[in-house]
Amino acid sequence: MNTEFQLTRRLMREFASLDDAKGRRRTGLFVAEGTKCVLELAARFACEYLFALPEWLAEHSGQIEAATTVEAKPQMLRELTRLTATPPVIAFFRLPEAAEAPALDYVRSNLVVALDRVQDPGNLGTILRTCDWMGVHTVVASTDSVDAFNPKAVQSTMGALSRVNIIYTDLAAWLRSLDGAEVFGTFLDGDNIYTSALSTGGVLVMGNEGRGISDAVAACVGRRLLIPSWPPGAEAVESLNVATATAIALSQFRARTF
């Protein structure tokens, strides 16, 4: 444990830069805050810096290894936190190596969620948390989707990043490579998801919060699905939040296995 650690201005600037994707790429770090999030992520990601109250370190001794562990006073944590309420622990983890999108064999036997231009970090974090709950271990996102290691996204996953892999790629090109796989997508002119036959493997595509699925990606979707409002024909909001729609759609895919 480093008892002589100095939180320099240079290091503060480096930590502050992690709010931006360029800063995360330059430093190779991302930040997580709070006991549950930090401990969950420590099971998968290498911890570079760990700042925690003395009582937190005593309670969780041996549960997390860090290159630099700092016994922090509340004031230091207040300077570092991005949250409204100051957490007892803040960790800076190493970003993972980039991975390749799964091949046809994996997709045929496993359900994969694909995200097309999803922009809100809270939505992304909630989707990853839902995927974790629903046993979906791989998410493939378009390169213009929000970064999963954005601090807001990390916090909203509640540790799901330790079990759900997210891969960024040219989404349309990847979908075109999956000749023979079932590719589903949610549309306002699709078939009723509640009465449609759904497979245990394949890709479920979810689109941008305001614009839906792009034309290039839509051209790769073989099964168009609709989550209908209730009752049929009643006046309702224009569309569902993408995180909510993902949860409803995944519940229907999983319901077919019971």
# chains A, B, ... in the order shown; residues from 1 in each chain; ligands from 1
$ closest_atom_pairs --of "stretch 131-232 of chain A" --to "stretch 107-127 of chain A" --cutoff "9 Å" --atoms "only C-alpha atoms" --output "JSON lines"
{"residue": "A:Cys131", "atom": "CA", "partner": "A:Ile127", "partner_atom": "CA", "distance": 6.1}
{"residue": "A:Asp132", "atom": "CA", "partner": "A:Ile127", "partner_atom": "CA", "distance": 8.6}
{"residue": "A:Gly135", "atom": "CA", "partner": "A:Leu111", "partner_atom": "CA", "distance": 8.7}
{"residue": "A:Val136", "atom": "CA", "partner": "A:Leu111", "partner_atom": "CA", "distance": 6.3}
{"residue": "A:His137", "atom": "CA", "partner": "A:Val112", "partner_atom": "CA", "distance": 7.4}
{"residue": "A:Thr138", "atom": "CA", "partner": "A:Val112", "partner_atom": "CA", "distance": 5.5}
{"residue": "A:Val139", "atom": "CA", "partner": "A:Val113", "partner_atom": "CA", "distance": 4.9}
{"residue": "A:Val140", "atom": "CA", "partner": "A:Ala114", "partner_atom": "CA", "distance": 4.7}
{"residue": "A:Ala141", "atom": "CA", "partner": "A:Leu115", "partner_atom": "CA", "distance": 4.6}
{"residue": "A:Ser142", "atom": "CA", "partner": "A:Asp116", "partner_atom": "CA", "distance": 5.3}
{"residue": "A:Thr143", "atom": "CA", "partner": "A:Arg117", "partner_atom": "CA", "distance": 7.7}
{"residue": "A:Asp144", "atom": "CA", "partner": "A:Arg117", "partner_atom": "CA", "distance": 5.4}
{"residue": "A:Ser145", "atom": "CA", "partner": "A:Arg117", "partner_atom": "CA", "distance": 4.3}
{"residue": "A:Val146", "atom": "CA", "partner": "A:Gln119", "partner_atom": "CA", "distance": 4.9}
{"residue": "A:Asp147", "atom": "CA", "partner": "A:Pro121", "partner_atom": "CA", "distance": 7.5}
{"residue": "A:Ala148", "atom": "CA", "partner": "A:Leu124", "partner_atom": "CA", "distance": 6.9}
{"residue": "A:Phe149", "atom": "CA", "partner": "A:Pro121", "partner_atom": "CA", "distance": 9.0}
{"residue": "A:Asn150", "atom": "CA", "partner": "A:Pro121", "partner_atom": "CA", "distance": 6.8}
{"residue": "A:Pro151", "atom": "CA", "partner": "A:Pro121", "partner_atom": "CA", "distance": 8.3}
{"residue": "A:Lys152", "atom": "CA", "partner": "A:Pro121", "partner_atom": "CA", "distance": 5.8}
{"residue": "A:Ala153", "atom": "CA", "partner": "A:Gly125", "partner_atom": "CA", "distance": 4.5}
{"residue": "A:Val154", "atom": "CA", "partner": "A:Gly125", "partner_atom": "CA", "distance": 6.4}
{"residue": "A:Gln155", "atom": "CA", "partner": "A:Gly125", "partner_atom": "CA", "distance": 7.3}
{"residue": "A:Ser156", "atom": "CA", "partner": "A:Gly125", "partner_atom": "CA", "distance": 4.7}
{"residue": "A:Thr157", "atom": "CA", "partner": "A:Gly125", "partner_atom": "CA", "distance": 4.3}
{"residue": "A:Met158", "atom": "CA", "partner": "A:Gly125", "partner_atom": "CA", "distance": 8.0}
{"residue": "A:Ala160", "atom": "CA", "partner": "A:Gly125", "partner_atom": "CA", "distance": 8.3}
{"residue": "A:Leu161", "atom": "CA", "partner": "A:Gly125", "partner_atom": "CA", "distance": 8.8}
{"residue": "A:Leu171", "atom": "CA", "partner": "A:Asp116", "partner_atom": "CA", "distance": 7.3}
{"residue": "A:Leu178", "atom": "CA", "partner": "A:Val107", "partner_atom": "CA", "distance": 8.0}
{"residue": "A:Gly180", "atom": "CA", "partner": "A:Arg108", "partner_atom": "CA", "distance": 8.1}
{"residue": "A:Ala181", "atom": "CA", "partner": "A:Arg108", "partner_atom": "CA", "distance": 5.7}
{"residue": "A:Glu182", "atom": "CA", "partner": "A:Arg108", "partner_atom": "CA", "distance": 7.5}
{"residue": "A:Ser199", "atom": "CA", "partner": "A:Leu111", "partner_atom": "CA", "distance": 8.3}
{"residue": "A:Thr200", "atom": "CA", "partner": "A:Leu111", "partner_atom": "CA", "distance": 6.2}
{"residue": "A:Gly201", "atom": "CA", "partner": "A:Asn110", "partner_atom": "CA", "distance": 4.2}
{"residue": "A:Gly202", "atom": "CA", "partner": "A:Leu111", "partner_atom": "CA", "distance": 5.0}
{"residue": "A:Val203", "atom": "CA", "partner": "A:Val112", "partner_atom": "CA", "distance": 4.8}
{"residue": "A:Leu204", "atom": "CA", "partner": "A:Val113", "partner_atom": "CA", "distance": 4.8}
{"residue": "A:Val205", "atom": "CA", "partner": "A:Ala114", "partner_atom": "CA", "distance": 4.6}
{"residue": "A:Met206", "atom": "CA", "partner": "A:Leu115", "partner_atom": "CA", "distance": 5.1}
{"residue": "A:Gly207", "atom": "CA", "partner": "A:Asp116", "partner_atom": "CA", "distance": 4.7}
{"residue": "A:Asn208", "atom": "CA", "partner": "A:Val118", "partner_atom": "CA", "distance": 4.6}
{"residue": "A:Glu209", "atom": "CA", "partner": "A:Val118", "partner_atom": "CA", "distance": 6.3}
{"residue": "A:Arg211", "atom": "CA", "partner": "A:Arg117", "partner_atom": "CA", "distance": 9.0}
{"residue": "A:Gly212", "atom": "CA", "partner": "A:Asp116", "partner_atom": "CA", "distance": 7.9}
{"residue": "A:Ile213", "atom": "CA", "partner": "A:Asp116", "partner_atom": "CA", "distance": 6.1}
{"residue": "A:Ser214", "atom": "CA", "partner": "A:Asp116", "partner_atom": "CA", "distance": 7.2}
{"residue": "A:Val217", "atom": "CA", "partner": "A:Asp116", "partner_atom": "CA", "distance": 7.6}
$ closest_residue --among "A:Gln6, A:Thr86, A:Ser196, A:Ser229" --to "A:Ala255" --atoms "only C-alpha atoms"
A:Ser196
$ closest_residue --among "A:Val89, A:Ala247, A:Ile227, A:Cys220" --to "A:Gly190" --atoms "only C-alpha atoms"
A:Ile227
$ closest_residue --among "A:Val183, A:Ile64, A:Ala236, A:Leu225" --to "A:Leu104" --atoms "only C-alpha atoms"
A:Val183
$ residues_around --residues "A:Phe51" --least-positions-apart "4" --cutoff "7 Å" --atoms "only C-alpha atoms" --output "PyMOL selection string"
chain A and resi 69-72+89-91
$ write_last_selection --atoms "N, CA, C and O atoms" --output "mmCIF file, in the first residue's frame"
data_model
loop_
_atom_site.group_PDB
_atom_site.id
_atom_site.type_symbol
_atom_site.label_atom_id
_atom_site.label_comp_id
_atom_site.auth_asym_id
_atom_site.auth_seq_id
_atom_site.Cartn_x
_atom_site.Cartn_y
_atom_site.Cartn_z
ATOM 1 N N THR A 69 -2.094 0.910 -4.695
ATOM 2 C CA THR A 69 -3.221 1.010 -3.767
ATOM 3 C C THR A 69 -2.984 2.184 -2.831
ATOM 4 O O THR A 69 -1.932 2.280 -2.206
ATOM 5 N N VAL A 70 -3.985 3.063 -2.750
ATOM 6 C CA VAL A 70 -3.846 4.280 -1.955
ATOM 7 C C VAL A 70 -4.919 4.303 -0.867
ATOM 8 O O VAL A 70 -6.115 4.184 -1.172
ATOM 9 N N GLU A 71 -4.486 4.430 0.365
ATOM 10 C CA GLU A 71 -5.415 4.629 1.475
ATOM 11 C C GLU A 71 -5.848 6.087 1.437
ATOM 12 O O GLU A 71 -5.089 6.983 1.819
ATOM 13 N N ALA A 72 -7.053 6.324 0.952
ATOM 14 C CA ALA A 72 -7.491 7.683 0.635
ATOM 15 C C ALA A 72 -8.360 8.281 1.727
ATOM 16 O O ALA A 72 -9.169 7.587 2.356
ATOM 17 N N VAL A 89 -14.746 3.795 -2.605
ATOM 18 C CA VAL A 89 -13.659 3.241 -3.416
ATOM 19 C C VAL A 89 -13.807 3.689 -4.864
ATOM 20 O O VAL A 89 -14.925 3.765 -5.395
ATOM 21 N N ILE A 90 -12.677 4.021 -5.477
ATOM 22 C CA ILE A 90 -12.614 4.371 -6.898
ATOM 23 C C ILE A 90 -11.418 3.632 -7.484
ATOM 24 O O ILE A 90 -10.331 3.645 -6.899
ATOM 25 N N ALA A 91 -11.629 2.975 -8.622
ATOM 26 C CA ALA A 91 -10.556 2.193 -9.239
ATOM 27 C C ALA A 91 -10.364 2.619 -10.689
ATOM 28 O O ALA A 91 -11.333 2.972 -11.381
#
$ residues_around --residues "A:Ala249" --least-positions-apart "3" --cutoff "8 Å" --atoms "only C-alpha atoms" --output "ChimeraX atom specification"
/A:193,227,245-246,252-253
$ select_by_dssp --residues "stretch 89-248 of chain A" --states "helix (DSSP H, G or I)" --output "compact mmCIF listing (two decimals) with all heavy atoms, in the first residue's frame"
# COMPACT_ATOMS: atom_id res chain seq x y z
N LEU A 104 -19.65 -17.31 -37.57
CA LEU A 104 -20.95 -17.93 -37.83
C LEU A 104 -21.27 -19.05 -36.85
O LEU A 104 -22.40 -19.14 -36.34
CB LEU A 104 -21.00 -18.44 -39.26
CG LEU A 104 -22.27 -19.17 -39.69
CD1 LEU A 104 -23.49 -18.27 -39.58
CD2 LEU A 104 -22.11 -19.68 -41.13
N ASP A 105 -20.32 -19.92 -36.57
CA ASP A 105 -20.60 -21.06 -35.70
C ASP A 105 -21.08 -20.62 -34.32
O ASP A 105 -22.01 -21.22 -33.75
CB ASP A 105 -19.34 -21.94 -35.55
CG ASP A 105 -19.05 -22.74 -36.81
OD1 ASP A 105 -19.94 -22.81 -37.68
OD2 ASP A 105 -17.94 -23.29 -36.92
N TYR A 106 -20.46 -19.58 -33.77
CA TYR A 106 -20.87 -19.09 -32.45
C TYR A 106 -22.28 -18.52 -32.53
O TYR A 106 -23.13 -18.79 -31.66
CB TYR A 106 -19.89 -18.02 -31.96
CG TYR A 106 -20.24 -17.45 -30.60
CD1 TYR A 106 -19.76 -18.04 -29.44
CD2 TYR A 106 -21.07 -16.33 -30.48
CE1 TYR A 106 -20.10 -17.53 -28.19
CE2 TYR A 106 -21.41 -15.82 -29.24
CZ TYR A 106 -20.91 -16.42 -28.10
OH TYR A 106 -21.26 -15.91 -26.86
N VAL A 107 -22.55 -17.73 -33.56
CA VAL A 107 -23.84 -17.05 -33.67
C VAL A 107 -24.98 -18.05 -33.88
O VAL A 107 -26.10 -17.82 -33.41
CB VAL A 107 -23.79 -16.02 -34.82
CG1 VAL A 107 -25.16 -15.42 -35.10
CG2 VAL A 107 -22.80 -14.91 -34.47
N ARG A 108 -24.71 -19.13 -34.56
CA ARG A 108 -25.76 -20.13 -34.78
C ARG A 108 -26.25 -20.76 -33.48
O ARG A 108 -27.41 -21.16 -33.37
CB ARG A 108 -25.23 -21.23 -35.72
CG ARG A 108 -25.31 -20.86 -37.19
CD ARG A 108 -24.72 -21.95 -38.04
NE ARG A 108 -25.04 -21.78 -39.46
CZ ARG A 108 -24.44 -22.45 -40.43
NH1 ARG A 108 -23.49 -23.35 -40.13
NH2 ARG A 108 -24.77 -22.25 -41.68
N SER A 109 -25.38 -20.86 -32.49
CA SER A 109 -25.75 -21.55 -31.25
C SER A 109 -25.88 -20.62 -30.04
O SER A 109 -26.21 -21.07 -28.95
CB SER A 109 -24.72 -22.64 -30.93
OG SER A 109 -23.41 -22.12 -30.89
N PRO A 121 -24.91 6.71 -23.06
CA PRO A 121 -24.18 5.76 -22.22
C PRO A 121 -25.04 5.05 -21.19
O PRO A 121 -24.80 3.89 -20.86
CB PRO A 121 -23.10 6.64 -21.55
CG PRO A 121 -23.60 8.04 -21.68
CD PRO A 121 -24.39 8.08 -22.93
N GLY A 122 -26.07 5.75 -20.69
CA GLY A 122 -26.98 5.09 -19.75
C GLY A 122 -27.75 3.96 -20.40
O GLY A 122 -27.93 2.89 -19.82
N ASN A 123 -28.21 4.19 -21.64
CA ASN A 123 -28.90 3.12 -22.38
C ASN A 123 -27.96 1.94 -22.61
O ASN A 123 -28.35 0.78 -22.42
CB ASN A 123 -29.40 3.65 -23.73
CG ASN A 123 -30.67 4.45 -23.60
OD1 ASN A 123 -31.43 4.29 -22.65
ND2 ASN A 123 -30.92 5.32 -24.56
N LEU A 124 -26.73 2.24 -23.03
CA LEU A 124 -25.79 1.15 -23.29
C LEU A 124 -25.52 0.36 -22.01
O LEU A 124 -25.51 -0.88 -22.03
CB LEU A 124 -24.48 1.71 -23.85
CG LEU A 124 -23.38 0.68 -24.08
CD1 LEU A 124 -23.83 -0.39 -25.08
CD2 LEU A 124 -22.10 1.34 -24.57
N GLY A 125 -25.28 1.06 -20.91
CA GLY A 125 -25.02 0.37 -19.66
C GLY A 125 -26.17 -0.52 -19.24
O GLY A 125 -25.98 -1.65 -18.79
N THR A 126 -27.40 -0.01 -19.40
CA THR A 126 -28.58 -0.80 -19.05
C THR A 126 -28.73 -2.01 -19.96
O THR A 126 -29.10 -3.10 -19.51
CB THR A 126 -29.84 0.08 -19.11
OG1 THR A 126 -29.69 1.19 -18.22
CG2 THR A 126 -31.08 -0.70 -18.71
N ILE A 127 -28.43 -1.84 -21.24
CA ILE A 127 -28.50 -2.97 -22.17
C ILE A 127 -27.50 -4.06 -21.77
O ILE A 127 -27.82 -5.25 -21.75
CB ILE A 127 -28.24 -2.49 -23.61
CG1 ILE A 127 -29.44 -1.68 -24.11
CG2 ILE A 127 -27.97 -3.67 -24.55
CD1 ILE A 127 -29.19 -0.94 -25.42
N LEU A 128 -26.27 -3.66 -21.43
CA LEU A 128 -25.27 -4.65 -21.02
C LEU A 128 -25.69 -5.35 -19.73
O LEU A 128 -25.49 -6.56 -19.57
CB LEU A 128 -23.91 -3.99 -20.85
CG LEU A 128 -23.28 -3.41 -22.12
CD1 LEU A 128 -21.95 -2.75 -21.81
CD2 LEU A 128 -23.10 -4.50 -23.17
N ARG A 129 -26.27 -4.60 -18.82
CA ARG A 129 -26.75 -5.20 -17.56
C ARG A 129 -27.88 -6.20 -17.85
O ARG A 129 -27.93 -7.28 -17.26
CB ARG A 129 -27.24 -4.08 -16.64
CG ARG A 129 -27.61 -4.53 -15.23
CD ARG A 129 -27.98 -3.32 -14.40
NE ARG A 129 -28.42 -3.70 -13.07
CZ ARG A 129 -28.85 -2.85 -12.16
NH1 ARG A 129 -28.88 -1.55 -12.44
NH2 ARG A 129 -29.24 -3.26 -10.97
N THR A 130 -28.77 -5.84 -18.77
CA THR A 130 -29.86 -6.75 -19.17
C THR A 130 -29.31 -7.99 -19.84
O THR A 130 -29.77 -9.11 -19.58
CB THR A 130 -30.84 -6.01 -20.10
OG1 THR A 130 -31.37 -4.87 -19.42
CG2 THR A 130 -31.97 -6.92 -20.54
N CYS A 131 -28.32 -7.81 -20.73
CA CYS A 131 -27.71 -8.96 -21.38
C CYS A 131 -27.09 -9.90 -20.36
O CYS A 131 -27.21 -11.13 -20.47
CB CYS A 131 -26.65 -8.49 -22.38
SG CYS A 131 -27.31 -7.76 -23.88
N ASP A 132 -26.43 -9.36 -19.37
CA ASP A 132 -25.84 -10.17 -18.30
C ASP A 132 -26.91 -11.00 -17.61
O ASP A 132 -26.75 -12.20 -17.38
CB ASP A 132 -25.14 -9.23 -17.31
CG ASP A 132 -24.33 -9.99 -16.26
OD1 ASP A 132 -23.94 -11.14 -16.51
OD2 ASP A 132 -24.08 -9.41 -15.18
N TRP A 133 -28.03 -10.39 -17.30
CA TRP A 133 -29.13 -11.08 -16.62
C TRP A 133 -29.74 -12.17 -17.51
O TRP A 133 -30.11 -13.24 -17.03
CB TRP A 133 -30.20 -10.07 -16.23
CG TRP A 133 -31.34 -10.65 -15.43
CD1 TRP A 133 -32.55 -11.06 -15.90
CD2 TRP A 133 -31.35 -10.91 -14.02
NE1 TRP A 133 -33.33 -11.56 -14.90
CE2 TRP A 133 -32.61 -11.47 -13.72
CE3 TRP A 133 -30.43 -10.72 -13.00
CZ2 TRP A 133 -32.97 -11.84 -12.42
CZ3 TRP A 133 -30.78 -11.09 -11.71
CH2 TRP A 133 -32.04 -11.64 -11.44
N PRO A 151 -17.44 6.56 -18.45
CA PRO A 151 -17.74 6.41 -17.01
C PRO A 151 -19.22 6.20 -16.70
O PRO A 151 -19.56 5.38 -15.84
CB PRO A 151 -17.23 7.72 -16.41
CG PRO A 151 -16.13 8.15 -17.33
CD PRO A 151 -16.58 7.74 -18.71
N LYS A 152 -20.10 6.91 -17.40
CA LYS A 152 -21.54 6.74 -17.14
C LYS A 152 -22.01 5.35 -17.55
O LYS A 152 -22.84 4.74 -16.87
CB LYS A 152 -22.34 7.81 -17.89
CG LYS A 152 -22.14 9.21 -17.34
CD LYS A 152 -22.97 10.22 -18.10
CE LYS A 152 -22.79 11.63 -17.56
NZ LYS A 152 -23.58 12.64 -18.31
N ALA A 153 -21.48 4.85 -18.67
CA ALA A 153 -21.85 3.51 -19.11
C ALA A 153 -21.35 2.46 -18.12
O ALA A 153 -22.06 1.53 -17.76
CB ALA A 153 -21.29 3.24 -20.50
N VAL A 154 -20.09 2.60 -17.69
CA VAL A 154 -19.51 1.65 -16.74
C VAL A 154 -20.35 1.58 -15.48
O VAL A 154 -20.68 0.49 -14.99
CB VAL A 154 -18.06 2.04 -16.40
CG1 VAL A 154 -17.53 1.18 -15.25
CG2 VAL A 154 -17.17 1.89 -17.62
N GLN A 155 -20.73 2.74 -14.94
CA GLN A 155 -21.50 2.74 -13.69
C GLN A 155 -22.87 2.11 -13.89
O GLN A 155 -23.36 1.39 -13.01
CB GLN A 155 -21.66 4.17 -13.17
CG GLN A 155 -20.38 4.78 -12.64
CD GLN A 155 -19.71 3.93 -11.57
OE1 GLN A 155 -18.55 3.54 -11.73
NE2 GLN A 155 -20.41 3.63 -10.50
N SER A 156 -23.51 2.36 -15.01
CA SER A 156 -24.86 1.83 -15.22
C SER A 156 -24.86 0.33 -15.52
O SER A 156 -25.90 -0.32 -15.42
CB SER A 156 -25.59 2.60 -16.32
OG SER A 156 -24.91 2.51 -17.54
N THR A 157 -23.70 -0.24 -15.88
CA THR A 157 -23.66 -1.70 -16.08
C THR A 157 -23.70 -2.45 -14.77
O THR A 157 -24.01 -3.65 -14.75
CB THR A 157 -22.38 -2.14 -16.83
OG1 THR A 157 -21.24 -1.94 -15.99
CG2 THR A 157 -22.21 -1.41 -18.15
N ALA A 160 -21.60 -5.55 -15.07
CA ALA A 160 -21.88 -6.51 -16.14
C ALA A 160 -20.73 -6.63 -17.13
O ALA A 160 -20.58 -7.66 -17.80
CB ALA A 160 -23.16 -6.13 -16.88
N LEU A 161 -19.89 -5.60 -17.24
CA LEU A 161 -18.75 -5.66 -18.16
C LEU A 161 -17.78 -6.77 -17.80
O LEU A 161 -16.95 -7.16 -18.64
CB LEU A 161 -18.01 -4.32 -18.15
CG LEU A 161 -18.56 -3.23 -19.07
CD1 LEU A 161 -17.91 -1.89 -18.75
CD2 LEU A 161 -18.37 -3.59 -20.53
N SER A 162 -17.86 -7.29 -16.61
CA SER A 162 -16.97 -8.39 -16.24
C SER A 162 -17.42 -9.71 -16.87
O SER A 162 -16.64 -10.67 -16.93
CB SER A 162 -16.93 -8.56 -14.71
OG SER A 162 -18.20 -8.92 -14.20
N LEU A 171 -20.64 -2.92 -38.45
CA LEU A 171 -21.76 -3.81 -38.14
C LEU A 171 -22.38 -4.43 -39.39
O LEU A 171 -22.63 -5.64 -39.43
CB LEU A 171 -22.81 -3.05 -37.34
CG LEU A 171 -23.92 -3.88 -36.70
CD1 LEU A 171 -23.35 -4.96 -35.80
CD2 LEU A 171 -24.87 -2.98 -35.91
N ALA A 172 -22.60 -3.63 -40.41
CA ALA A 172 -23.21 -4.16 -41.63
C ALA A 172 -22.32 -5.21 -42.28
O ALA A 172 -22.78 -6.27 -42.72
CB ALA A 172 -23.51 -3.03 -42.61
N ALA A 173 -21.02 -4.95 -42.33
CA ALA A 173 -20.08 -5.91 -42.93
C ALA A 173 -20.06 -7.20 -42.14
O ALA A 173 -20.02 -8.30 -42.72
CB ALA A 173 -18.68 -5.30 -43.01
N TRP A 174 -20.08 -7.10 -40.81
CA TRP A 174 -20.09 -8.31 -39.99
C TRP A 174 -21.36 -9.12 -40.21
O TRP A 174 -21.31 -10.35 -40.37
CB TRP A 174 -19.95 -7.94 -38.51
CG TRP A 174 -20.10 -9.11 -37.59
CD1 TRP A 174 -19.28 -10.19 -37.49
CD2 TRP A 174 -21.17 -9.34 -36.66
NE1 TRP A 174 -19.76 -11.08 -36.54
CE2 TRP A 174 -20.91 -10.57 -36.02
CE3 TRP A 174 -22.29 -8.60 -36.30
CZ2 TRP A 174 -21.76 -11.09 -35.03
CZ3 TRP A 174 -23.13 -9.12 -35.31
CH2 TRP A 174 -22.86 -10.36 -34.70
N LEU A 175 -22.50 -8.45 -40.25
CA LEU A 175 -23.76 -9.16 -40.46
C LEU A 175 -23.79 -9.84 -41.82
O LEU A 175 -24.30 -10.96 -41.96
CB LEU A 175 -24.94 -8.19 -40.32
CG LEU A 175 -25.21 -7.67 -38.90
CD1 LEU A 175 -26.27 -6.57 -38.93
CD2 LEU A 175 -25.65 -8.81 -37.98
N ARG A 176 -23.22 -9.19 -42.83
CA ARG A 176 -23.18 -9.81 -44.16
C ARG A 176 -22.31 -11.07 -44.17
O ARG A 176 -22.52 -11.97 -44.99
CB ARG A 176 -22.66 -8.80 -45.19
CG ARG A 176 -23.66 -7.71 -45.55
CD ARG A 176 -23.23 -6.94 -46.80
NE ARG A 176 -21.99 -6.21 -46.60
CZ ARG A 176 -21.93 -4.94 -46.19
NH1 ARG A 176 -23.05 -4.28 -45.92
NH2 ARG A 176 -20.76 -4.34 -46.04
N ASP A 215 -30.18 2.04 -42.69
CA ASP A 215 -30.55 1.31 -43.91
C ASP A 215 -29.56 0.19 -44.22
O ASP A 215 -29.95 -0.92 -44.62
CB ASP A 215 -30.63 2.27 -45.10
CG ASP A 215 -31.80 3.24 -45.00
OD1 ASP A 215 -32.73 2.95 -44.21
OD2 ASP A 215 -31.78 4.27 -45.69
N ALA A 216 -28.27 0.47 -44.04
CA ALA A 216 -27.25 -0.54 -44.37
C ALA A 216 -27.38 -1.77 -43.48
O ALA A 216 -27.22 -2.90 -43.95
CB ALA A 216 -25.85 0.07 -44.23
N VAL A 217 -27.67 -1.54 -42.21
CA VAL A 217 -27.83 -2.67 -41.29
C VAL A 217 -29.19 -3.34 -41.51
O VAL A 217 -29.30 -4.57 -41.47
CB VAL A 217 -27.66 -2.20 -39.83
CG1 VAL A 217 -28.02 -3.30 -38.85
CG2 VAL A 217 -26.21 -1.73 -39.60
N ALA A 218 -30.22 -2.54 -41.75
CA ALA A 218 -31.56 -3.10 -41.98
C ALA A 218 -31.56 -4.06 -43.16
O ALA A 218 -32.31 -5.06 -43.17
CB ALA A 218 -32.56 -1.98 -42.21
N VAL A 242 -34.66 2.36 -26.19
CA VAL A 242 -33.95 1.21 -26.75
C VAL A 242 -33.55 0.21 -25.68
O VAL A 242 -33.56 -1.01 -25.92
CB VAL A 242 -32.72 1.68 -27.56
CG1 VAL A 242 -31.68 2.36 -26.68
CG2 VAL A 242 -32.09 0.51 -28.31
N ALA A 243 -33.21 0.66 -24.48
CA ALA A 243 -32.87 -0.27 -23.42
C ALA A 243 -34.09 -1.07 -22.98
O ALA A 243 -34.01 -2.29 -22.74
CB ALA A 243 -32.25 0.47 -22.23
N THR A 244 -35.24 -0.40 -22.89
CA THR A 244 -36.48 -1.08 -22.53
C THR A 244 -36.87 -2.08 -23.61
O THR A 244 -37.26 -3.22 -23.31
CB THR A 244 -37.61 -0.06 -22.34
OG1 THR A 244 -37.24 0.86 -21.31
CG2 THR A 244 -38.92 -0.74 -21.96
N ALA A 245 -36.76 -1.66 -24.86
CA ALA A 245 -37.10 -2.56 -25.97
C ALA A 245 -36.19 -3.77 -26.00
O ALA A 245 -36.65 -4.89 -26.28
CB ALA A 245 -37.00 -1.80 -27.30
N THR A 246 -34.91 -3.59 -25.69
CA THR A 246 -33.99 -4.73 -25.65
C THR A 246 -34.39 -5.72 -24.57
O THR A 246 -34.37 -6.94 -24.79
CB THR A 246 -32.54 -4.24 -25.38
OG1 THR A 246 -32.17 -3.30 -26.40
CG2 THR A 246 -31.56 -5.40 -25.40
N ALA A 247 -34.77 -5.21 -23.40
CA ALA A 247 -35.19 -6.09 -22.31
C ALA A 247 -36.44 -6.89 -22.69
O ALA A 247 -36.52 -8.10 -22.44
CB ALA A 247 -35.44 -5.27 -21.05
N ILE A 248 -37.41 -6.22 -23.30
CA ILE A 248 -38.64 -6.92 -23.71
C ILE A 248 -38.33 -7.99 -24.76
O ILE A 248 -38.80 -9.13 -24.67
CB ILE A 248 -39.67 -5.92 -24.25
CG1 ILE A 248 -40.15 -4.99 -23.13
CG2 ILE A 248 -40.86 -6.65 -24.88
CD1 ILE A 248 -41.00 -3.83 -23.61
$ atom_distance --atom1 "atom CA of A:Asp189" --atom2 "atom CA of A:Arg224"
7.5 Å
$ residues_around --residues "A:Leu11" --least-positions-apart "5" --cutoff "12 Å" --atoms "only C-alpha atoms" --output "number ranges by chain"
A: 5-6, 16-18, 27, 49, 79-80, 92
$ write_last_selection --atoms "N, CA and C atoms" --output "PDB file, in the first residue's frame"
ATOM      1  N   PHE A   5       1.599   8.439  -1.302  1.00  0.00           N
ATOM      2  CA  PHE A   5       1.107   8.798  -2.632  1.00  0.00           C
ATOM      3  C   PHE A   5       0.690  10.269  -2.693  1.00  0.00           C
ATOM      4  N   GLN A   6       1.064  10.937  -3.778  1.00  0.00           N
ATOM      5  CA  GLN A   6       0.684  12.325  -4.006  1.00  0.00           C
ATOM      6  C   GLN A   6      -0.198  12.405  -5.259  1.00  0.00           C
ATOM      7  N   ALA A  16      -9.012  12.909 -15.213  1.00  0.00           N
ATOM      8  CA  ALA A  16     -10.130  13.677 -15.765  1.00  0.00           C
ATOM      9  C   ALA A  16     -10.316  13.397 -17.254  1.00  0.00           C
ATOM     10  N   SER A  17      -9.229  13.091 -17.959  1.00  0.00           N
ATOM     11  CA  SER A  17      -9.309  12.847 -19.403  1.00  0.00           C
ATOM     12  C   SER A  17     -10.069  11.570 -19.734  1.00  0.00           C
ATOM     13  N   LEU A  18     -10.311  10.739 -18.736  1.00  0.00           N
ATOM     14  CA  LEU A  18     -10.994   9.468 -18.986  1.00  0.00           C
ATOM     15  C   LEU A  18     -12.478   9.649 -19.282  1.00  0.00           C
ATOM     16  N   THR A  27      -4.462   6.828 -22.459  1.00  0.00           N
ATOM     17  CA  THR A  27      -3.941   6.321 -21.187  1.00  0.00           C
ATOM     18  C   THR A  27      -4.090   4.812 -21.049  1.00  0.00           C
ATOM     19  N   TYR A  49      -4.816   1.659 -10.500  1.00  0.00           N
ATOM     20  CA  TYR A  49      -4.867   2.476  -9.286  1.00  0.00           C
ATOM     21  C   TYR A  49      -6.132   2.129  -8.504  1.00  0.00           C
ATOM     22  N   GLU A  79     -12.425  14.556  -4.756  1.00  0.00           N
ATOM     23  CA  GLU A  79     -11.751  15.156  -5.904  1.00  0.00           C
ATOM     24  C   GLU A  79     -11.769  14.244  -7.126  1.00  0.00           C
ATOM     25  N   LEU A  80     -11.822  12.943  -6.873  1.00  0.00           N
ATOM     26  CA  LEU A  80     -11.750  11.978  -7.970  1.00  0.00           C
ATOM     27  C   LEU A  80     -13.103  11.556  -8.514  1.00  0.00           C
ATOM     28  N   PHE A  92      -9.121   2.553 -11.125  1.00  0.00           N
ATOM     29  CA  PHE A  92      -8.768   2.832 -12.517  1.00  0.00           C
ATOM     30  C   PHE A  92      -8.196   1.550 -13.107  1.00  0.00           C
TER      31      PHE A  92
END
